[in-house]
Amino acid sequence: MNLIEELRWRGMLHDFMPGTEEQLASEMTSGYIGFDPTAKSLHIGNLATIMLLVHLQRAGHKPYALVGGATGMIGDPSGKSAERNLLSEEALRENQEGIKNQLERFLDFNCGANSAEIVNNYDWFKDFNFLDFLREVGKHITVNYMMSKDSVKKRINADEDGDRAEGLSYTEFAYQLIQGYDFYHLYKNKGLKIQMGASDQWGNITTGTELIRRMDGGKAYALVGKLVTKSDGTKFGKSEGGNVWLDPALTSPYKFYQFWLNLSDEEAEKLIKVYTLLPQDEIQMVSEEHKQAPHLRLLQKALAKDVTIRVHSEEDYMAAVDASEILFGKGDLETLKGLKEDVLLSVFEGVPQIQVPQDDYVNAGTVTDLLSDLTGGQVFESKGEARRMIKNGGVSINRQKVQNAEEAVNFELLQGKYLVVQKGKKNYFLISVN
């Protein structure tokens, strides 16, 4: 597989230095991408970058993932309008561990000569004092060179341009030099010749290639992928609730699946190439089938399935599919019973949740009493309203129609504590019996 050609047809390639393609064709080449541990999980914006490493390995080359234990203490100004808060060493260590575990889901660490490796730049910076760094590294790169980078110019000129961005601290200004030294260190000690990343990292990466040239007379290369954006041009990877994380504790598999399922046709057609490993002919086939029946959302379903399984598991994917059916009226009692509590709560997040004391539930007279008085009028304001809708077949509990307004309250509680009440076609309530 030719890496450049693969990235190009997938729409992932933004730019690369002259000679990069020739280097990749000449030998198994080691390359890396850095990930700063600013959170305990990576998100789907990071996943687009991870896919560059995945394709590098699939093309027969050796991928390295650098977890920035040192650079994470500073913060990269690229693409930022303000300096971010600095994290404690303890928080950084926790974040690093989480990121390492996630990277191992995508890269093969046991496949012979091109097995993936993880490195941490704190290992070579922890004993590197400030004066030595200035003497050995700083003298090789001029301030003029550093000032020419777009990420620096944007922040420094913010006030003059009336931009809302803040100025740039020396800490962030020095970031490109530190990242550049990472590349030099890995070039010298691991034989790495390519650094990759998103397009906003071009300035930092080329500082590394310049350091290698000036400090060692060596030749190294840069390759950057396109920043993944939404159809309106805004940054991809966020939902209304914030980032879409790879950690199921932060974004449940159900919400993760739903995010992909709800993409527009234009986004899905672009992103199925970026986020999956499906071959070109299969993607073209799905795209054509989707155009014939866009209401079936075949592109979104194929994308959501592939990514959910690789980030989470086949079991989580199946649970997400089952959970998705609930709100479209296709799931039955058995489907509801099969949902784990966190998935059930994810499905019904945003619907009214009503607390009913255990004793009140046990002593409830009829289903009409439960849905009116015991729920404080939140489902039905009166018993008469409840009776009328039940008579007309408009009420279900746990996906089963309530046939008789006077029937006793004897429903199986989901997860031992929940009832899902449906009023009409679209109104849901989640009763929690405590």
# chains A, B, ... in the order shown; residues from 1 in each chain; ligands from 1
>>> select_by_dssp(residues="region 42-197 of chain A", states="alpha helix (DSSP H)", output="VMD selection string")
chain A and resid 44 to 58 89 to 103 122 to 125 130 to 136 143 to 147 150 to 156 158 to 161 170 to 173 175 to 190
>>> residues_around(residues="Gln195 (chain A)", least_positions_apart="6", cutoff="9 Å", atoms="only C-alpha atoms", output="list in words")
Ser30, Gly31, Tyr32, Ile33, Gly34, Phe183, Ile205, Thr206, Gly208, Thr209, Ala220, Tyr221, Ala222, Leu223 and Val224 of chain A
>>> write_last_selection(atoms="all heavy atoms", output="CSV table (one decimal), in the first residue's frame")
chain,number,residue,atom,x,y,z
A,30,SER,N,10.2,4.9,10.1
A,30,SER,CA,9.6,5.2,11.4
A,30,SER,C,9.0,6.6,11.4
A,30,SER,O,9.7,7.5,11.0
A,30,SER,CB,10.5,5.0,12.6
A,30,SER,OG,11.0,3.6,12.6
A,31,GLY,N,7.8,6.8,11.9
A,31,GLY,CA,7.2,8.1,12.0
A,31,GLY,C,6.4,8.2,13.3
A,31,GLY,O,6.0,7.2,13.9
A,32,TYR,N,6.1,9.4,13.7
A,32,TYR,CA,5.4,9.6,15.0
A,32,TYR,C,4.4,10.7,14.9
A,32,TYR,O,4.5,11.6,14.1
A,32,TYR,CB,6.4,9.7,16.1
A,32,TYR,CG,6.9,11.1,16.4
A,32,TYR,CD1,6.3,11.9,17.4
A,32,TYR,CD2,7.9,11.7,15.7
A,32,TYR,CE1,6.7,13.2,17.7
A,32,TYR,CE2,8.4,13.0,16.0
A,32,TYR,CZ,7.8,13.7,17.0
A,32,TYR,OH,8.2,15.0,17.3
A,33,ILE,N,3.5,10.7,15.9
A,33,ILE,CA,2.6,11.8,16.2
A,33,ILE,C,2.6,12.0,17.7
A,33,ILE,O,2.6,11.0,18.4
A,33,ILE,CB,1.1,11.5,15.6
A,33,ILE,CG1,1.1,11.4,14.1
A,33,ILE,CG2,0.2,12.5,16.1
A,33,ILE,CD1,-0.2,11.0,13.5
A,34,GLY,N,2.5,13.2,18.1
A,34,GLY,CA,2.5,13.5,19.5
A,34,GLY,C,1.0,13.8,20.0
A,34,GLY,O,0.2,14.4,19.3
A,183,PHE,N,11.4,15.7,18.1
A,183,PHE,CA,11.7,15.1,16.8
A,183,PHE,C,13.2,14.8,16.7
A,183,PHE,O,13.6,13.7,16.3
A,183,PHE,CB,11.3,16.1,15.7
A,183,PHE,CG,11.1,15.4,14.4
A,183,PHE,CD1,10.6,16.1,13.3
A,183,PHE,CD2,11.4,14.1,14.1
A,183,PHE,CE1,10.5,15.5,12.0
A,183,PHE,CE2,11.3,13.5,12.9
A,183,PHE,CZ,10.8,14.2,11.8
A,205,ILE,N,6.1,21.0,13.4
A,205,ILE,CA,6.8,19.9,12.9
A,205,ILE,C,8.0,20.3,12.1
A,205,ILE,O,9.1,19.7,12.2
A,205,ILE,CB,5.8,19.0,12.0
A,205,ILE,CG1,4.7,18.4,12.9
A,205,ILE,CG2,6.6,17.9,11.2
A,205,ILE,CD1,3.6,17.7,12.1
A,206,THR,N,7.8,21.4,11.3
A,206,THR,CA,9.0,21.8,10.5
A,206,THR,C,10.1,22.5,11.3
A,206,THR,O,11.2,22.5,10.9
A,206,THR,CB,8.5,22.8,9.4
A,206,THR,OG1,7.7,23.9,10.0
A,206,THR,CG2,7.6,22.1,8.3
A,208,GLY,N,11.0,21.0,13.9
A,208,GLY,CA,11.8,19.8,14.3
A,208,GLY,C,12.7,19.4,13.1
A,208,GLY,O,13.9,19.1,13.3
A,209,THR,N,12.2,19.5,11.9
A,209,THR,CA,13.0,19.1,10.7
A,209,THR,C,14.2,20.1,10.6
A,209,THR,O,15.3,19.7,10.2
A,209,THR,CB,12.2,19.1,9.4
A,209,THR,OG1,11.7,20.4,9.1
A,209,THR,CG2,11.1,18.1,9.5
A,220,ALA,N,15.0,15.1,7.7
A,220,ALA,CA,13.8,14.5,8.2
A,220,ALA,C,12.6,15.1,7.5
A,220,ALA,O,12.8,16.1,6.7
A,220,ALA,CB,13.7,14.7,9.7
A,221,TYR,N,11.4,14.6,7.7
A,221,TYR,CA,10.3,14.9,6.8
A,221,TYR,C,9.0,15.2,7.7
A,221,TYR,O,8.9,14.8,8.8
A,221,TYR,CB,10.0,13.8,5.8
A,221,TYR,CG,11.2,13.5,5.0
A,221,TYR,CD1,12.1,12.5,5.4
A,221,TYR,CD2,11.5,14.1,3.8
A,221,TYR,CE1,13.2,12.1,4.7
A,221,TYR,CE2,12.6,13.8,3.1
A,221,TYR,CZ,13.5,12.8,3.5
A,221,TYR,OH,14.6,12.5,2.8
A,222,ALA,N,8.1,15.9,7.0
A,222,ALA,CA,6.9,16.3,7.7
A,222,ALA,C,5.7,15.9,6.8
A,222,ALA,O,5.8,16.0,5.5
A,222,ALA,CB,6.8,17.8,8.0
A,223,LEU,N,4.6,15.4,7.4
A,223,LEU,CA,3.4,15.0,6.6
A,223,LEU,C,2.2,15.4,7.5
A,223,LEU,O,2.2,14.9,8.7
A,223,LEU,CB,3.4,13.5,6.3
A,223,LEU,CG,2.2,13.0,5.4
A,223,LEU,CD1,2.7,11.8,4.6
A,223,LEU,CD2,1.0,12.7,6.2
A,224,VAL,N,1.3,16.2,7.0
A,224,VAL,CA,0.2,16.6,7.8
A,224,VAL,C,-1.1,16.2,7.1
A,224,VAL,O,-1.2,16.3,5.9
A,224,VAL,CB,0.2,18.1,8.2
A,224,VAL,CG1,1.3,18.3,9.2
A,224,VAL,CG2,0.3,19.0,7.0
>>> atom_distance(atom1="CA of Lys291 (chain A)", atom2="CA of Asp232 (chain A)")
21.5 Å
>>> closest_residue(among="A:Val433, A:Ala91, A:Met73, A:Val311", to="Glu412 (chain A)", atoms="only C-alpha atoms")
A:Val433
>>> residues_around(residues="Asn427 (chain A)", least_positions_apart="3", cutoff="10 Å", atoms="only C-alpha atoms", output="compact mmCIF listing (two decimals) with C-alpha atoms, in the first residue's frame")
# COMPACT_ATOMS: atom_id res chain seq x y z
CA VAL A 351 -36.98 13.13 29.09
CA PRO A 352 -38.78 13.93 32.37
CA VAL A 379 -47.60 12.36 33.35
CA VAL A 395 -50.40 4.72 26.98
CA VAL A 421 -43.89 5.38 30.25
CA GLN A 422 -44.96 6.43 26.76
CA LYS A 423 -47.82 8.87 26.37
CA GLY A 424 -48.98 9.22 22.78
>>> closest_residue(among="A:Phe35, A:Phe133, A:Trp260, A:Phe109", to="Pro63 (chain A)", atoms="only C-alpha atoms")
A:Phe109
>>> residues_around(residues="Gln353 (chain A)", least_positions_apart="4", cutoff="7 Å", atoms="only C-alpha atoms", output="list in words")
Phe429, Leu430 and Ile431 of chain A
>>> residues_around(residues="Val67 (chain A)", least_positions_apart="4", cutoff="8 Å", atoms="only C-alpha atoms", output="mmCIF file with N, CA, C and O atoms, in the first residue's frame")
data_model
loop_
_atom_site.group_PDB
_atom_site.id
_atom_site.type_symbol
_atom_site.label_atom_id
_atom_site.label_comp_id
_atom_site.auth_asym_id
_atom_site.auth_seq_id
_atom_site.Cartn_x
_atom_site.Cartn_y
_atom_site.Cartn_z
ATOM 1 N N GLY A 34 2.502 13.218 18.084
ATOM 2 C CA GLY A 34 2.455 13.517 19.517
ATOM 3 C C GLY A 34 1.039 13.790 19.989
ATOM 4 O O GLY A 34 0.222 14.384 19.276
ATOM 5 N N PHE A 35 0.745 13.345 21.201
ATOM 6 C CA PHE A 35 -0.562 13.572 21.827
ATOM 7 C C PHE A 35 -0.324 14.142 23.222
ATOM 8 O O PHE A 35 0.267 13.472 24.068
ATOM 9 N N ASP A 36 -0.765 15.368 23.438
ATOM 10 C CA ASP A 36 -0.591 15.963 24.761
ATOM 11 C C ASP A 36 -1.703 15.497 25.692
ATOM 12 O O ASP A 36 -2.890 15.553 25.339
ATOM 13 N N PRO A 37 -1.356 15.065 26.895
ATOM 14 C CA PRO A 37 -2.350 14.510 27.830
ATOM 15 C C PRO A 37 -3.103 15.594 28.604
ATOM 16 O O PRO A 37 -3.060 15.673 29.822
ATOM 17 N N GLN A 96 -2.088 10.475 30.921
ATOM 18 C CA GLN A 96 -1.173 9.718 30.071
ATOM 19 C C GLN A 96 -1.560 8.245 30.025
ATOM 20 O O GLN A 96 -1.556 7.611 28.958
ATOM 21 N N ILE A 99 -4.646 7.674 27.873
ATOM 22 C CA ILE A 99 -4.363 7.817 26.443
ATOM 23 C C ILE A 99 -3.597 6.608 25.916
ATOM 24 O O ILE A 99 -3.882 6.103 24.822
ATOM 25 N N LYS A 100 -2.630 6.112 26.684
ATOM 26 C CA LYS A 100 -1.886 4.917 26.272
ATOM 27 C C LYS A 100 -2.836 3.746 26.043
ATOM 28 O O LYS A 100 -2.738 3.025 25.043
ATOM 29 N N ILE A 118 5.096 3.264 22.079
ATOM 30 C CA ILE A 118 4.686 4.499 22.749
ATOM 31 C C ILE A 118 5.883 5.055 23.506
ATOM 32 O O ILE A 118 6.591 4.308 24.191
ATOM 33 N N VAL A 119 6.128 6.340 23.351
ATOM 34 C CA VAL A 119 7.208 7.004 24.084
ATOM 35 C C VAL A 119 6.635 8.217 24.804
ATOM 36 O O VAL A 119 5.563 8.712 24.449
ATOM 37 N N ASN A 120 7.362 8.683 25.809
ATOM 38 C CA ASN A 120 6.913 9.815 26.627
ATOM 39 C C ASN A 120 8.058 10.822 26.699
ATOM 40 O O ASN A 120 9.148 10.504 27.182
ATOM 41 N N ASN A 121 7.830 12.047 26.226
ATOM 42 C CA ASN A 121 8.934 13.004 26.180
ATOM 43 C C ASN A 121 9.382 13.480 27.564
ATOM 44 O O ASN A 121 10.431 14.105 27.694
#
>>> residues_around(residues="Ile178 (chain A)", least_positions_apart="3", cutoff="10 Å", atoms="only C-alpha atoms", output="MDAnalysis selection string")
chainID A and resid 70:71 74 121 125 133 137:138 172:175 181:184 204 207:208
>>> residues_around(residues="Thr49 (chain A)", least_positions_apart="2", cutoff="7 Å", atoms="only C-alpha atoms", output="MDAnalysis selection string")
chainID A and resid 46:47 51:52 197:198
>>> write_last_selection(atoms="N, CA, C and O atoms", output="short mmCIF file (atom, residue, chain, number, x, y, z; two decimals), in the first residue's frame")
data_model
loop_
_atom_site.label_atom_id
_atom_site.label_comp_id
_atom_site.auth_asym_id
_atom_site.auth_seq_id
_atom_site.Cartn_x
_atom_site.Cartn_y
_atom_site.Cartn_z
N ASN A 46 -9.02 13.74 17.82
CA ASN A 46 -7.73 13.04 17.91
C ASN A 46 -7.74 11.75 17.09
O ASN A 46 -6.72 11.36 16.53
N LEU A 47 -8.90 11.10 17.02
CA LEU A 47 -8.99 9.83 16.31
C LEU A 47 -8.64 9.98 14.83
O LEU A 47 -8.03 9.10 14.23
N MET A 51 -5.64 7.89 12.96
CA MET A 51 -5.80 7.14 11.71
C MET A 51 -4.61 7.34 10.77
O MET A 51 -4.32 6.47 9.95
N LEU A 52 -3.90 8.46 10.89
CA LEU A 52 -2.68 8.63 10.09
C LEU A 52 -1.65 7.59 10.49
O LEU A 52 -0.97 7.00 9.63
N GLY A 197 0.88 14.79 11.76
CA GLY A 197 -0.08 15.44 12.63
C GLY A 197 -1.14 16.11 11.79
O GLY A 197 -1.19 15.95 10.56
N ALA A 198 -2.00 16.88 12.45
CA ALA A 198 -3.01 17.67 11.73
C ALA A 198 -2.33 18.88 11.11
O ALA A 198 -1.23 19.27 11.49
#
>>> atom_distance(atom1="CA of Gln415 (chain A)", atom2="CA of Lys301 (chain A)")
28.5 Å
>>> closest_atom_pairs(of="region 404-425 of chain A", to="region 356-365 of chain A", cutoff="10 Å", atoms="only C-alpha atoms", output="CSV")
residue,atom,partner,partner_atom,distance
A:Glu406,CA,A:Gly365,CA,8.3
A:Glu407,CA,A:Gly365,CA,8.4
A:Ala408,CA,A:Gly365,CA,6.2
A:Val409,CA,A:Ala364,CA,6.5
A:Asn410,CA,A:Val362,CA,8.6
A:Lys417,CA,A:Gln358,CA,9.0
A:Tyr418,CA,A:Val356,CA,9.9
